[in-house]
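Colleague: Have a look at this one.
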Amino acid sequence: MRTDLIIISEYCQKSNTDPTFLISLEENGLIEIRTINGEQYLLTSQLRELEQYSHLYYDLSINIEGIDAIRHMLKKMERLQHELNQLRRQLGK
C-alpha cells in the first residue's frame, strides 16, 4: 500500500471538496493527479498547497486563474527572499 497517494474520492468526501475543483486545478497545472488502475490519486506532498488553494477558492471566492496568479507571485516572493538572504550573507549581515 502506497502512503504517498490519497484517493481523490475519499479526500473530496472527507474535506467536502467538489472533485471538479481538483480537476480544474490539475488542468491549470496547479496540482498533479495520478491515475492508477482507473482510480485517481493526489500526492500527499501536495496537501499543503491544496489546502491553500481550497481556502482561496472556497473561503475567499478567488477563481482558478486568480489562484494561479497568486501562486506565481508567492513563488516569486520566495525566490526574491532567498536572493536577499544570500546577498545579506555575502555582505556579512
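Labels for the C-alpha cells follow display order: chains A, B, ..., residues from 1 in each chain, ligands from 1.
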Taking 4 positions as the minimum chain separation for residues in the same chain, which residues sit within 10 Å of Leu50 in chain A when counting only C-alpha atoms? Answer as a PyMOL selection string.
Modeller: chain A and resi 22+25+30-31+42+44-46+54-56
Colleague: Identify, on the basis of only C-alpha atoms, every residue whose closest approach to Ile70 in chain A does not exceed 12 Å; exclude the query and any residue fewer than 4 positions from it along the same chain; express the result as a ChimeraX atom specification.
Modeller: /A:30,49,52-53,56-57,62-66,74-77
Colleague: DSSP on the backbone, helix (DSSP H, G or I) only: what residues of chain A does that give? Format it as a PyMOL selection string.
Modeller: chain A and resi 8-15+19-27+44-59+64-91
Colleague: Quick one: of A:Glu51, A:Asp59, A:Asp4, A:Asp18, who's nearest to Arg34 in chain A, counting only C-alpha atoms?
Modeller: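 Checking each candidate against Arg34 in chain A, we get A:Asp4 as the closest.
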Colleague: Which residues in chain A does DSSP call strand (DSSP E or B)? List them as a PyMOL selection string.
Modeller: chain A and resi 5-7+33-36+39-43
Colleague: Okay, now the selection with N, CA, C and O atoms, as a PDB file, in the first residue's frame?
Modeller:
ATOM      1  N   LEU A   5       0.088   8.482  -1.660  1.00  0.00           N
ATOM      2  CA  LEU A   5      -1.063   8.785  -2.510  1.00  0.00           C
ATOM      3  C   LEU A   5      -2.354   8.779  -1.701  1.00  0.00           C
ATOM      4  O   LEU A   5      -2.497   8.015  -0.756  1.00  0.00           O
ATOM      5  N   ILE A   6      -3.279   9.635  -2.091  1.00  0.00           N
ATOM      6  CA  ILE A   6      -4.592   9.722  -1.448  1.00  0.00           C
ATOM      7  C   ILE A   6      -5.638   9.598  -2.536  1.00  0.00           C
ATOM      8  O   ILE A   6      -5.572  10.282  -3.559  1.00  0.00           O
ATOM      9  N   ILE A   7      -6.609   8.732  -2.330  1.00  0.00           N
ATOM     10  CA  ILE A   7      -7.691   8.560  -3.306  1.00  0.00           C
ATOM     11  C   ILE A   7      -8.522   9.837  -3.325  1.00  0.00           C
ATOM     12  O   ILE A   7      -8.984  10.316  -2.284  1.00  0.00           O
ATOM     13  N   ILE A  33      -2.602  15.000 -10.646  1.00  0.00           N
ATOM     14  CA  ILE A  33      -3.483  13.877 -10.332  1.00  0.00           C
ATOM     15  C   ILE A  33      -2.924  12.666 -11.061  1.00  0.00           C
ATOM     16  O   ILE A  33      -2.636  12.726 -12.256  1.00  0.00           O
ATOM     17  N   ARG A  34      -2.764  11.579 -10.337  1.00  0.00           N
ATOM     18  CA  ARG A  34      -2.286  10.333 -10.940  1.00  0.00           C
ATOM     19  C   ARG A  34      -3.444   9.351 -11.018  1.00  0.00           C
ATOM     20  O   ARG A  34      -4.247   9.250 -10.095  1.00  0.00           O
ATOM     21  N   THR A  35      -3.482   8.619 -12.116  1.00  0.00           N
ATOM     22  CA  THR A  35      -4.497   7.590 -12.291  1.00  0.00           C
ATOM     23  C   THR A  35      -3.792   6.243 -12.300  1.00  0.00           C
ATOM     24  O   THR A  35      -2.890   6.014 -13.103  1.00  0.00           O
ATOM     25  N   ILE A  36      -4.216   5.375 -11.386  1.00  0.00           N
ATOM     26  CA  ILE A  36      -3.649   4.035 -11.277  1.00  0.00           C
ATOM     27  C   ILE A  36      -4.815   3.059 -11.237  1.00  0.00           C
ATOM     28  O   ILE A  36      -5.678   3.151 -10.360  1.00  0.00           O
ATOM     29  N   GLU A  39      -8.289   4.468 -10.826  1.00  0.00           N
ATOM     30  CA  GLU A  39      -8.562   5.284  -9.625  1.00  0.00           C
ATOM     31  C   GLU A  39      -7.670   6.517  -9.674  1.00  0.00           C
ATOM     32  O   GLU A  39      -6.497   6.433  -9.999  1.00  0.00           O
ATOM     33  N   GLN A  40      -8.243   7.681  -9.325  1.00  0.00           N
ATOM     34  CA  GLN A  40      -7.476   8.925  -9.330  1.00  0.00           C
ATOM     35  C   GLN A  40      -6.943   9.212  -7.927  1.00  0.00           C
ATOM     36  O   GLN A  40      -7.654   9.051  -6.936  1.00  0.00           O
ATOM     37  N   TYR A  41      -5.690   9.686  -7.898  1.00  0.00           N
ATOM     38  CA  TYR A  41      -4.990   9.929  -6.644  1.00  0.00           C
ATOM     39  C   TYR A  41      -4.335  11.305  -6.630  1.00  0.00           C
ATOM     40  O   TYR A  41      -3.923  11.827  -7.662  1.00  0.00           O
ATOM     41  N   LEU A  42      -4.205  11.839  -5.425  1.00  0.00           N
ATOM     42  CA  LEU A  42      -3.410  13.037  -5.149  1.00  0.00           C
ATOM     43  C   LEU A  42      -2.122  12.591  -4.469  1.00  0.00           C
ATOM     44  O   LEU A  42      -2.101  11.589  -3.760  1.00  0.00           O
ATOM     45  N   LEU A  43      -1.077  13.373  -4.643  1.00  0.00           N
ATOM     46  CA  LEU A  43       0.164  13.127  -3.915  1.00  0.00           C
ATOM     47  C   LEU A  43       0.052  13.774  -2.535  1.00  0.00           C
ATOM     48  O   LEU A  43      -0.395  14.920  -2.422  1.00  0.00           O
TER      49      LEU A  43
END
Colleague: Can you work out which one of A:Gly29, A:Leu91, A:Leu47, A:Gln81 has the shortest atom-to-atom distance to Ala69 in chain A, counting only C-alpha atoms?
Modeller: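 Going through A:Gly29, A:Leu91, A:Leu47, A:Gln81 one by one, the smallest distance to Ala69 in chain A is for A:Gly29.
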Colleague: If I take CA of Arg48 in chain A and CA of Gln86 in chain A, how far is one from the other in Å, to one decimal?
Modeller: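 Interatomic distance, CA of Arg48 in chain A to CA of Gln86 in chain A: 26.3 Å.
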Colleague: Which distance in Å separates CA of Glu32 in chain A and CA of Thr3 in chain A, to one decimal?
Modeller: 16.1 Å
Colleague: Have a look at CA of Ile8 in chain A and CA of Gly38 in chain A and let me know their distance in Å, one decimal.
Modeller: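 Answer for the CA of Ile8 in chain A to CA of Gly38 in chain A separation: 11.7 Å.
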